[in-house]
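Asker: Below: one structure in structure tokens.
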Amino acid sequence: MSAERLPLTHDAIPESRRHIYESDPILSARDLVITFGRVVGLDGVNLDLYKGEVLAVIGDNGAGKSTLIKCITGAYVPDSGTLELEGKRVTFRRPQDAREAGIETVYQQLAVIPALDIASNLYLAREERRPGILGSVFRMLDKKGMKERAGTSVQNLGIQTIQNMGQAVETLSGGQRQAVAVARAAAFGSKVVVLDEPTAALGVKESGMVLDMIKQLRDTGLAVILISHNMPHVWEVADRIHIQRLGGCAGVITPQSHEMGDGVAIMTGAKTLEPTA
Amino acid sequence: MSAERLPLTHDAIPESRRHIYESDPILSARDLVITFGRVVGLDGVNLDLYKGEVLAVIGDNGAGKSTLIKCITGAYVPDSGTLELEGKRVTFRRPQDAREAGIETVYQQLAVIPALDIASNLYLAREERRPGILGSVFRMLDKKGMKERAGTSVQNLGIQTIQNMGQAVETLSGGQRQAVAVARAAAFGSKVVVLDEPTAALGVKESGMVLDMIKQLRDTGLAVILISHNMPHVWEVADRIHIQRLGGCAGVITPQSHEMGDGVAIMTGAKTLEPTA
Amino acid sequence: NRSSSSDTAAGGSGGGEESVGVTLITKDSTNPFFVAMQNGAKEDAGKNNVKLTVASGKQEGDDQGQITAIEDSIARGDKGILITPMSTGVNAAIKKARDAGLYVIALDTPPDPADTVDITFATDNRLAGKLDGEWAAATLDGKPAVIALLDLFDDKIVSVDYNRDQGFLEGMGIDVGDPKKNGDEAKTGKYTGGKGGDYTIVCNEASNGAEDGGRSAMERCLAKNKDINLVYTINEPAAVGANAALKAAGNSDAIIVSVDGGCAGVDSVKKGVIGATSQQYPLKMATLGMEAIAKIARGGEAPKPTDGLDFFNTGVKLVTDEPVDGVESIDSTEGADICWGK
Amino acid sequence: MTTTTGSAAAEFSRRQQSPLQRLQHVLHGRPWLSPLFLLVVAFVAFFIATPTFLTASSMGILLQQTAVVAALAVGQTLIILTAGIDLSVGAVMVLSMMVMASLAADGGMPGLIALLIGVALATGAGALNGFLVTRINLPPFIVTLGTLSIFTAIALLYSGGSSIQADRMPRLLNFLGEGFGIGAFRLTWGIVVVALIYIVMGFVISQTAWGRYVYAVGDDRESARLSGVPSKRILLGVYTVAGLIYGLAAWLLIGRAGAATPNAVPDANLQSITAVVIGGTSLFGGRGTLIGTLIGALIVQTFAFGLSQLGVDQQWRYLAIGVLVIVAVAIDQWIRKVKA
Amino acid sequence: MTTTTGSAAAEFSRRQQSPLQRLQHVLHGRPWLSPLFLLVVAFVAFFIATPTFLTASSMGILLQQTAVVAALAVGQTLIILTAGIDLSVGAVMVLSMMVMASLAADGGMPGLIALLIGVALATGAGALNGFLVTRINLPPFIVTLGTLSIFTAIALLYSGGSSIQADRMPRLLNFLGEGFGIGAFRLTWGIVVVALIYIVMGFVISQTAWGRYVYAVGDDRESARLSGVPSKRILLGVYTVAGLIYGLAAWLLIGRAGAATPNAVPDANLQSITAVVIGGTSLFGGRGTLIGTLIGALIVQTFAFGLSQLGVDQQWRYLAIGVLVIVAVAIDQWIRKVKA
Ligand SMILES: Nc1ncnc2c1ncn2[C@@H]1O[C@H](COP(=O)(O)OP(=O)(O)OP(=O)(O)O)[C@@H](O)[C@H]1O
Ligand SMILES: Nc1ncnc2c1ncn2[C@@H]1O[C@H](COP(=O)(O)OP(=O)(O)OP(=O)(O)O)[C@@H](O)[C@H]1O
Ligand SMILES: [Mg+2]
Ligand SMILES: [Mg+2]
């Protein structure tokens, strides 16, 4: 049933991590196309994602990275193209569908609710109920518990400047807000975690902690898609790198097969990647 | 009339650039304090900015960087503290006041109008009118001219993926949107340009072009405040570095006096800066 | 009984004649008075081979709605218009219609000036109020009157509102100040109707002419003075609401008077909820008006005003089961037979 | 008192708070305190100005007069919290009222069945609004503007414009108008029903996930959607629940008016919206409380009642209410903005 | 045809466009095309259904019937573009009308002076709304809900509820009701004034910086402020200009009704808002056009007129208009969403 695998540049993947690519991809996208009026968003993009790997997506501004992951996570419904999760065809009509299938996403625009506080945002659509009859019959939220756990999650990302966990998210600094979104994805992703520029607004220390978190997620067997403009970050954590260019895919490389400079050159079109067999 | 200068670590500034500090600061802030309910935003911050210099502001997430520049540019009115522009006391009640005084700002949240197109956003509150009677009497906008010039400005920042200059800003990618905001500040700043994380969403090439732009602005005699989490960028372009920590200023260093690692250590509180005489 | 209308209709109308377009324009479509008028007219339209279009303002005060309806009627090529004019604001439009050759009959409310329309089929709202007042004064039999006035609106001033209210006070023998302004009379003094006596006006409250509004209005009046013994209401729905409030407050002595004499209202008289109500005949107005227009359109003669009046009086009768001397009235059984003018 | 997380944050907020700042903080968390303050002021003022205002019987009446609008305002609050608006609230109530009354009076149905059909109809009407908002993606203002005309017209056509008196209906339909009380302070069963509606819905929107979704959808619908909130289902639910509440209000209104009339509460939409907004709920969605709405409804009614007790003329009263609306919200803004 | 910038972008958009996509693009740039389409459909349908609809005289009448609401809707559009709403539109107009009529009729003032005072009063009333919105920072809904009551009450108290006939006023005040025409197609000077208002304001909001600020403030007030747009001044200006337009509408209305009546056009607020929204303007601000508003006003009036020519009864007409409002906006949504 499942789509044919995309070719892998096996030799460029270190021995220690080859086992990842022995099983079938957890997520495959084929020929994704989306247009907005006369603007072309995606122009037939293919993507394979394996359990336990970090797939980075890089590309110029406006290359279609965010559009690509939106099509994968149900935020956009592509005009054409197919999606397979664990070998089964899926169509996500809404982000909720993708979430329920185990794909957790941090969108570039963060998707936090300004007026709700940090804990409410972290647990949004994942609320926990009180134990006992209050929870089961009256469906009462466990506000206190969620607040405490939210505090821990955010601190785990190194954000220590939040003075009041009951603060509305709209009053947070850009980086604090991003930390809330990232903490949410990390807490709830069960199969795939998609991060669209998760460290853009974060400080040095906080970024480092997010990278650690990504590695942890990968090690527990989740698949991670990381979009970033920070090449050192990408080269540090990625297993493979999908290069997006002008709405299409300009090729997939690995940190081992190519230098950062090459990656940047390919993504800006200064160099083209010869198709590998 | 004007406030006493803050001490400068003169010896840490390269000979070639010392002349900058001979004239009086173009902008001085003293004892800025702002609170939001029971949240402390700024806790008595001082800042001097000189013509022709790039002053970087670094600090952890939530350290008060954005709050600081909002107080300087009229977006917030501080609870107490004074502001001097070219030696004269000023109070900015609205961003418009600061703009009219020659301070152009890119806020972290960008402040673009989603439904307006790129050119309209670039020229917002700076519109150009048609020549002749159409402009002077009928106050008709020079839409075509603005559109053309806007196209050039955005391309100068290396953003080549914008397919249609009439696109509403809400349909742009995160980086494209940021480029629009940066292009605006660059085009109109006459004395001071303030950039709050201008490269957060930008690609490698585009970031490089923004750094070049900053240097250009500095060379033409403008003062630039740059907030960034990207230490290599900061160390590349900054003349001095203001370190913000927990709402206060943890000290001012220069790329020559301190290593990046030291800067990060100070900003996270791992190290403290001995007050220099 | 409908004999009056079918008599006249029998003369000319036959199946073969071309139908005559008539538009009935009321003030609104929710006041039971106008609803009765519309329904009655619709039922009788076939008899005269009239093609009737019913229109109205959106609500009381909607001059523009009536003007629009008049223009629509002209454009449609109707032969005549029956209208309860909202205010003098529609006079110009009526003139336009007459200039265009339409025969315009005012119903219920005479326009100001009266010759704005071809003829008016109306009742006298002031007289309706007056009958209530006279009856109430006589019924009180010299006792002091503690009066609540439940008017129509507080956000608009309309002629029915002050005509009925001020007519009632005049009937009681109380001096009204400005006859077109509610609430500017002295709050206490002597009434001269019946045997005469002291009066106190507790309140003027707007009821919106509906049960819920009538109830709220009455409650406010009662909070000010629980000894109210005479309640004037703009129409019977308001009276029903007032009665509910009185009952809840344990006040069973107050007399309620009202205007309209609709079928439900007469029933309320029979049950003793309302002491007396001035009955008007909207249905009669509408059917007579339609007949007249049909007749004229087919070359017949125009109707004439009632002798001594500048309008064709369709009459007002006081309906009560406790008649008093000196005030002519009919009882509720009789009133029920002719309610709304059927 | 403060849940400070981590030492850095603790260090951050070491400043002392002035009493005013503390007041502001309290108000920030409980935005309905400032309308409450206004309500109390109004009570004191009217108490001083007129002896007939603060009496047991007056208070009972005030509550009864507030009941219907207060009930409608619950549905309106839910909808406004989702950044919508409901102009059809009165129309739905009237339609439901006419249907339940006529089924019982003319159709000879048992009261309970007529009541259930009437409430179900209102629920369906609400669901129709919700359907148009979520499936056809129309702005709520448009949808309810349209259904306002539609439901009103249907109610008029169905009832032929005439009203149905209470004595023709079974007791159940009138039951909410019946009262009980201690001395002169009389309450009706209708007030009890309204209180229950507030308690239940207050619990639901503040303590359950559904309630949180209502706020989230109203504050930022796209972000809520991206966060996995089933925003369409929530919206549909909100409109449906609102319809159900309007159905209950219809029952209430029969008891209150002692009749079912097609022109009852003609300005129900403005009245209910006014209560919601005076109660501190934002018309842009996502911010507000039910308790605020209740206070808002009470404020308007208190003013109307108090001014009438003072014997103020009708047109002047109309003017005063206009001023009140503005002043109430201005005070609210001012109190919240107080800064040390 | 496309202003592609740079080769990369050119390469990006090399795809062919289907005709449907092109249609969608056209509609995207001119959102008023879809209400226009509906208007045309309505014209054709009524033309077929009744002979009295598409005649020269009927068309003249249709325009006259639309004029007042169309004028009010210009002010309403401006305010809605700033994410506000004006409930006081009818009240301001009526107050201004009563004052200008009574100054001329009872006060014996020359027509021009009475007119100017009346229009100035309306402008002032608009400015008061604007002041409350910008300085006291109140939501426009609240402000205009309050001033709706206030202005209405003042107009009633001032006029004592009685109307003033045209023959008591100088000709100038009636002038806009006078007509001219070619054969049966008669226009009034009022229609000319309305056309001028549309042309002038259409130019202002689409071609000047002020117009652009109106959109910017409405779309995102905080961003506009941060961009240096003097948002308070713009808002104050918008409300003031709207007031001025309502003053002109008052003049128009005297001519149209041949009298000044204190209760005229009681649902002016809903009518004008309906026109704006059917015309494709978003109630959340920042998106919309004046030409759309004009078409919106025409659509509603066309339906009402056409149905009445068909002899449809009032209640059914209300129902039909309700359906129309929903269908009109639904079609609009649908057309814009068409995808290849
Ligand atoms: N809703 C939309 N309507 C029109 N154009 C759109 C829309 N969404 C995206 N685009 C366009 O599609 C292209 C790809 O955008 P996308 O957000 O995927 O870029 P990106 O690779 O994520 O860039 P960045 O690094 O700046 O975030 C851009 O040119 C953008 O203008
Ligand atoms: N309007 C507000 N209300 C309450 N708290 C606020 C408000 N604005 C800012 N804060 C708080 O002030 C602190 C400083 O925020 P600021 O935005 O200045 O941080 P920053 O240094 O710019 O951080 P980042 O690098 O993440 O952008 C944060 O803790 C934030 O929560
Ligand atoms: Mg992106
Ligand atoms: Mg910041």
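How things are named: the first chain in the structure tokens is A, the next is B, and so on; residues count from 1 in each chain; ligands count from 1 in the order shown.
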Quick one: residues within 9 Å of Gln65 in chain E, only C-alpha atoms, excluding same-chain residues fewer than 6 positions away - as a list in words?
Answerer: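 Near Gln65 in chain E, the qualifying residues are Gln64, Ile67, Thr68 and Glu71 of chain C; Arg256 and Gln301 of chain E.
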Asker: The selected residues should be written to file as a short mmCIF file (atom, residue, chain, number, x, y, z; two decimals), in the first residue's frame (atoms: N, CA and C atoms).
Answerer:
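Just written: part-v8.cif:
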data_model
loop_
_atom_site.label_atom_id
_atom_site.label_comp_id
_atom_site.auth_asym_id
_atom_site.auth_seq_id
_atom_site.Cartn_x
_atom_site.Cartn_y
_atom_site.Cartn_z
N GLN C 64 -40.33 56.39 7.26
CA GLN C 64 -39.71 56.02 5.99
C GLN C 64 -40.31 54.73 5.44
N ILE C 67 -43.48 55.71 3.84
CA ILE C 67 -43.25 56.43 2.58
C ILE C 67 -42.86 55.45 1.48
N THR C 68 -41.96 54.57 1.82
CA THR C 68 -41.54 53.56 0.86
C THR C 68 -42.74 52.74 0.38
N GLU C 71 -44.79 54.71 -2.07
CA GLU C 71 -44.15 54.78 -3.39
C GLU C 71 -44.26 53.44 -4.12
N ARG E 256 -36.84 64.43 1.49
CA ARG E 256 -37.49 63.20 1.10
C ARG E 256 -38.86 63.06 1.76
N GLN E 301 -32.58 47.47 -0.89
CA GLN E 301 -33.72 48.25 -1.34
C GLN E 301 -34.36 47.60 -2.58
#
Asker: Select, as an MDAnalysis selection string, those residues of chain B with any atom no more than 10 Å from chain A (distances computed using only C-alpha atoms).
Answerer: chainID B and resid 36 38:40 58:67 108:109 158:164 167 171:179 197 199:207 228:231 245:247 264:265 267:268
Asker: Would you kindly return, as a count of residues only, each protein, DNA or RNA residue with an atom no farther than 7 Å from any atom of range 319-333 of chain D, considering only C-alpha atoms and excluding same-chain residues fewer than 3 positions away?
Answerer: 17
Asker: With a distance cut-off of 7 Å and only C-alpha atoms, select the neighbouring residues of Leu222 in chain A, excluding the residue or stretch itself and same-chain residues fewer than 6 positions from it, and output the selection as a list in words.
Answerer: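 Returned residues: Lys51, Gly52, Ser190, Lys191 and Val192 of chain A.
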Asker: Output the selection as a PDB file, in the first residue's frame - C-alpha atoms for each residue.
Answerer:
ATOM      1  CA  LYS A  51      11.368   7.285  13.573  1.00  0.00           C
ATOM      2  CA  GLY A  52      14.212   8.441  15.747  1.00  0.00           C
ATOM      3  CA  SER A 190       3.788  11.077  20.714  1.00  0.00           C
ATOM      4  CA  LYS A 191       5.052  10.213  17.231  1.00  0.00           C
ATOM      5  CA  VAL A 192       6.226  13.275  15.385  1.00  0.00           C
TER       6      VAL A 192
END
Asker: Using only C-alpha atoms, which chain A residues lie at most 7 Å away from chain D, written as an MDAnalysis selection string?
Answerer: chainID A and resid 75 95:96 99 111:113 115 124:125 127 139:141 151 160:165
Asker: With N, CA, C and O atoms retained, write the just-selected residues as a PDB file, in the first residue's frame.
Answerer:
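Output below, filename selection.pdb:
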ATOM      1  N   ALA A  75      -2.704  22.205   8.944  1.00  0.00           N
ATOM      2  CA  ALA A  75      -3.061  23.629   9.013  1.00  0.00           C
ATOM      3  C   ALA A  75      -3.540  24.112   7.647  1.00  0.00           C
ATOM      4  O   ALA A  75      -4.440  24.934   7.540  1.00  0.00           O
ATOM      5  N   PRO A  95      -5.721  20.883  12.037  1.00  0.00           N
ATOM      6  CA  PRO A  95      -4.572  20.574  12.888  1.00  0.00           C
ATOM      7  C   PRO A  95      -4.943  19.551  13.957  1.00  0.00           C
ATOM      8  O   PRO A  95      -4.132  18.711  14.332  1.00  0.00           O
ATOM      9  N   GLN A  96      -6.186  19.629  14.418  1.00  0.00           N
ATOM     10  CA  GLN A  96      -6.655  18.695  15.421  1.00  0.00           C
ATOM     11  C   GLN A  96      -6.472  17.247  14.973  1.00  0.00           C
ATOM     12  O   GLN A  96      -6.076  16.385  15.749  1.00  0.00           O
ATOM     13  N   ARG A  99      -2.901  16.324  15.312  1.00  0.00           N
ATOM     14  CA  ARG A  99      -2.581  16.182  16.735  1.00  0.00           C
ATOM     15  C   ARG A  99      -3.058  14.839  17.249  1.00  0.00           C
ATOM     16  O   ARG A  99      -2.359  14.169  17.988  1.00  0.00           O
ATOM     17  N   ALA A 111       0.884  30.299  17.593  1.00  0.00           N
ATOM     18  CA  ALA A 111      -0.444  29.797  17.889  1.00  0.00           C
ATOM     19  C   ALA A 111      -0.698  29.669  19.387  1.00  0.00           C
ATOM     20  O   ALA A 111      -1.119  28.632  19.875  1.00  0.00           O
ATOM     21  N   VAL A 112      -0.407  30.741  20.105  1.00  0.00           N
ATOM     22  CA  VAL A 112      -0.817  30.780  21.506  1.00  0.00           C
ATOM     23  C   VAL A 112      -2.008  31.734  21.624  1.00  0.00           C
ATOM     24  O   VAL A 112      -2.233  32.573  20.761  1.00  0.00           O
ATOM     25  N   ILE A 113      -2.772  31.550  22.679  1.00  0.00           N
ATOM     26  CA  ILE A 113      -3.958  32.387  22.865  1.00  0.00           C
ATOM     27  C   ILE A 113      -3.590  33.540  23.796  1.00  0.00           C
ATOM     28  O   ILE A 113      -3.329  33.321  24.985  1.00  0.00           O
ATOM     29  N   ALA A 115      -4.957  35.923  25.560  1.00  0.00           N
ATOM     30  CA  ALA A 115      -5.596  36.265  26.829  1.00  0.00           C
ATOM     31  C   ALA A 115      -5.493  35.156  27.866  1.00  0.00           C
ATOM     32  O   ALA A 115      -5.715  35.398  29.043  1.00  0.00           O
ATOM     33  N   LEU A 124      -3.705  23.622  26.409  1.00  0.00           N
ATOM     34  CA  LEU A 124      -4.875  23.859  25.565  1.00  0.00           C
ATOM     35  C   LEU A 124      -5.161  22.648  24.679  1.00  0.00           C
ATOM     36  O   LEU A 124      -4.286  22.143  23.983  1.00  0.00           O
ATOM     37  N   ALA A 125      -6.393  22.206  24.709  1.00  0.00           N
ATOM     38  CA  ALA A 125      -6.855  21.038  23.959  1.00  0.00           C
ATOM     39  C   ALA A 125      -6.216  19.745  24.472  1.00  0.00           C
ATOM     40  O   ALA A 125      -6.268  18.716  23.815  1.00  0.00           O
ATOM     41  N   GLU A 127      -6.354  19.319  28.094  1.00  0.00           N
ATOM     42  CA  GLU A 127      -6.623  19.593  29.501  1.00  0.00           C
ATOM     43  C   GLU A 127      -6.651  18.316  30.336  1.00  0.00           C
ATOM     44  O   GLU A 127      -7.065  17.255  29.868  1.00  0.00           O
ATOM     45  N   ARG A 139     -16.575  16.992  34.976  1.00  0.00           N
ATOM     46  CA  ARG A 139     -15.564  17.381  33.994  1.00  0.00           C
ATOM     47  C   ARG A 139     -14.819  18.652  34.405  1.00  0.00           C
ATOM     48  O   ARG A 139     -14.540  19.521  33.608  1.00  0.00           O
ATOM     49  N   MET A 140     -14.484  18.688  35.668  1.00  0.00           N
ATOM     50  CA  MET A 140     -13.823  19.866  36.196  1.00  0.00           C
ATOM     51  C   MET A 140     -12.331  19.795  35.905  1.00  0.00           C
ATOM     52  O   MET A 140     -11.703  18.733  36.026  1.00  0.00           O
ATOM     53  N   LEU A 141     -11.751  20.924  35.547  1.00  0.00           N
ATOM     54  CA  LEU A 141     -10.335  20.948  35.215  1.00  0.00           C
ATOM     55  C   LEU A 141      -9.480  20.903  36.467  1.00  0.00           C
ATOM     56  O   LEU A 141      -9.851  21.453  37.505  1.00  0.00           O
ATOM     57  N   GLY A 151       4.630  25.073  35.084  1.00  0.00           N
ATOM     58  CA  GLY A 151       5.784  25.782  35.611  1.00  0.00           C
ATOM     59  C   GLY A 151       7.061  24.978  35.414  1.00  0.00           C
ATOM     60  O   GLY A 151       8.075  25.504  34.948  1.00  0.00           O
ATOM     61  N   GLN A 160      13.662  31.436  33.216  1.00  0.00           N
ATOM     62  CA  GLN A 160      13.489  31.637  34.652  1.00  0.00           C
ATOM     63  C   GLN A 160      12.952  33.010  34.973  1.00  0.00           C
ATOM     64  O   GLN A 160      12.777  33.366  36.137  1.00  0.00           O
ATOM     65  N   THR A 161      12.735  33.809  33.942  1.00  0.00           N
ATOM     66  CA  THR A 161      12.331  35.187  34.218  1.00  0.00           C
ATOM     67  C   THR A 161      10.826  35.355  34.342  1.00  0.00           C
ATOM     68  O   THR A 161      10.355  36.456  34.603  1.00  0.00           O
ATOM     69  N   ILE A 162      10.078  34.296  34.124  1.00  0.00           N
ATOM     70  CA  ILE A 162       8.637  34.458  34.244  1.00  0.00           C
ATOM     71  C   ILE A 162       8.290  34.633  35.719  1.00  0.00           C
ATOM     72  O   ILE A 162       8.588  33.782  36.550  1.00  0.00           O
ATOM     73  N   GLN A 163       7.682  35.770  36.008  1.00  0.00           N
ATOM     74  CA  GLN A 163       7.499  36.122  37.413  1.00  0.00           C
ATOM     75  C   GLN A 163       6.204  35.586  37.989  1.00  0.00           C
ATOM     76  O   GLN A 163       6.006  35.539  39.175  1.00  0.00           O
ATOM     77  N   ASN A 164       5.305  35.212  37.119  1.00  0.00           N
ATOM     78  CA  ASN A 164       3.983  34.854  37.606  1.00  0.00           C
ATOM     79  C   ASN A 164       3.340  33.902  36.613  1.00  0.00           C
ATOM     80  O   ASN A 164       3.030  34.297  35.488  1.00  0.00           O
ATOM     81  N   MET A 165       3.160  32.676  36.993  1.00  0.00           N
ATOM     82  CA  MET A 165       2.647  31.688  36.043  1.00  0.00           C
ATOM     83  C   MET A 165       1.205  31.985  35.615  1.00  0.00           C
ATOM     84  O   MET A 165       0.698  31.396  34.673  1.00  0.00           O
TER      85      MET A 165
END
Asker: Distance limit 10 Å, atoms considered: only C-alpha atoms. Which chain E residues sit that close to chain C? Return them as a ChimeraX atom specification.
Answerer: /E:50-53,55,57-59,61-62,64-66,68,149,152-153,155-157,159-166,253-268,301,304-315,317-318
Asker: Give me every alpha helix (DSSP H) residue in range 139-249 of chain C, going by DSSP on the backbone, as an NGL selection string.
Answerer: :C and (139-140 or 159-172 or 211-224 or 236-248)
Asker: Taking 3 positions as the minimum chain separation for residues in the same chain, which residues sit within 12 Å of Glu236 in chain C when counting only C-alpha atoms? Answer as a PyMOL selection string.
Answerer: (chain C and resi 31-33+150-152+207-215+231-233+239-243+256-269+273-279) or (chain D and resi 162-163+165+259+261)
Asker: Please, could you write that set of residues out with C-alpha atoms as a CSV table (one decimal), in the first residue's frame?
Answerer:
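Output below, filename again.csv:
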chain,number,residue,atom,x,y,z
C,31,ASN,CA,-49.9,45.7,17.5
C,32,PRO,CA,-53.0,43.5,17.8
C,33,PHE,CA,-55.1,46.4,16.6
C,150,LEU,CA,-49.4,53.2,31.5
C,151,ASP,CA,-48.5,54.8,28.3
C,152,LEU,CA,-47.0,53.5,25.1
C,207,SER,CA,-45.5,49.8,28.5
C,208,ASN,CA,-44.7,49.3,24.8
C,209,GLY,CA,-48.3,48.2,24.4
C,210,ALA,CA,-47.4,44.6,25.4
C,211,GLU,CA,-48.0,42.3,28.4
C,212,ASP,CA,-44.5,42.2,29.7
C,213,GLY,CA,-44.0,46.0,29.3
C,214,GLY,CA,-47.3,46.6,31.0
C,215,ARG,CA,-46.3,44.4,33.9
C,231,VAL,CA,-55.1,52.2,36.1
C,232,TYR,CA,-55.2,53.6,32.6
C,233,THR,CA,-53.6,51.4,30.0
C,239,ALA,CA,-53.8,46.0,30.8
C,240,VAL,CA,-53.3,42.2,31.1
C,241,GLY,CA,-49.7,42.8,32.2
C,242,ALA,CA,-50.8,45.5,34.7
C,243,ASN,CA,-53.3,43.1,36.1
C,256,ILE,CA,-58.2,49.0,35.0
C,257,VAL,CA,-59.4,50.9,31.9
C,258,SER,CA,-58.1,50.4,28.5
C,259,VAL,CA,-58.6,51.1,24.8
C,260,ASP,CA,-59.1,48.9,21.7
C,261,GLY,CA,-61.9,46.5,22.5
C,262,GLY,CA,-60.2,43.7,20.8
C,263,CYS,CA,-61.7,40.2,21.1
C,264,ALA,CA,-59.2,39.2,23.8
C,265,GLY,CA,-59.8,42.6,25.5
C,266,VAL,CA,-63.5,42.2,25.7
C,267,ASP,CA,-62.9,38.8,27.1
C,268,SER,CA,-60.8,40.4,29.8
C,269,VAL,CA,-63.8,42.7,30.6
C,273,VAL,CA,-59.7,41.9,34.6
C,274,ILE,CA,-60.5,45.1,32.8
C,275,GLY,CA,-63.2,47.4,34.2
C,276,ALA,CA,-64.0,49.1,30.9
C,277,THR,CA,-62.5,49.4,27.5
C,278,SER,CA,-63.2,51.7,24.6
C,279,GLN,CA,-63.9,49.6,21.6
D,162,SER,CA,-52.3,37.7,18.1
D,163,SER,CA,-51.4,36.9,21.6
D,165,GLN,CA,-53.5,34.6,27.3
D,259,ALA,CA,-49.4,35.8,28.0
D,261,THR,CA,-47.3,37.9,22.6
Asker: What are the DSSP strand (DSSP E or B) residues of range 49-242 of chain C, as number ranges by chain?
Answerer: C: 50-56, 80-83, 103-108, 119-122, 145-151, 188-191, 197-206, 230-233
Asker: Report as an MDAnalysis selection string all protein, DNA and RNA residues lying within 8 Å of Leu217 in chain B, evaluated on only C-alpha atoms, omitting residues in the same chain fewer than 6 positions from it.
Answerer: chainID B and resid 186 223:224
Asker: With N, CA, C and O atoms retained, could you export that selection as a PDB file, in the first residue's frame?
Answerer:
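Listing of again29.pdb after writing:
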ATOM      1  N   ALA B 186      15.179  51.154   7.863  1.00  0.00           N
ATOM      2  CA  ALA B 186      16.400  51.575   7.186  1.00  0.00           C
ATOM      3  C   ALA B 186      16.146  52.767   6.279  1.00  0.00           C
ATOM      4  O   ALA B 186      16.957  53.676   6.156  1.00  0.00           O
ATOM      5  N   ALA B 223      22.955  56.573  14.708  1.00  0.00           N
ATOM      6  CA  ALA B 223      23.189  55.707  15.856  1.00  0.00           C
ATOM      7  C   ALA B 223      22.251  54.521  15.740  1.00  0.00           C
ATOM      8  O   ALA B 223      21.094  54.691  15.372  1.00  0.00           O
ATOM      9  N   VAL B 224      22.766  53.337  16.024  1.00  0.00           N
ATOM     10  CA  VAL B 224      21.952  52.138  15.871  1.00  0.00           C
ATOM     11  C   VAL B 224      21.902  51.364  17.180  1.00  0.00           C
ATOM     12  O   VAL B 224      22.947  51.164  17.814  1.00  0.00           O
TER      13      VAL B 224
END
Asker: For range 124-130 of chain E, work out the shell of residues within 12 Å, counting only C-alpha atoms and skipping chain neighbours fewer than 4 positions away, then give it as a PyMOL selection string.
Answerer: (chain D and resi 326) or (chain E and resi 75-76+79+82+84-96+116-120+134-148+150-152+154+231-247)
Asker: Mind pulling up the distance from CA of Leu149 in chain C to CA of Thr302 in chain D?
Answerer: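 Between CA of Thr302 in chain D and CA of Leu149 in chain C the gap is 21.0 Å.
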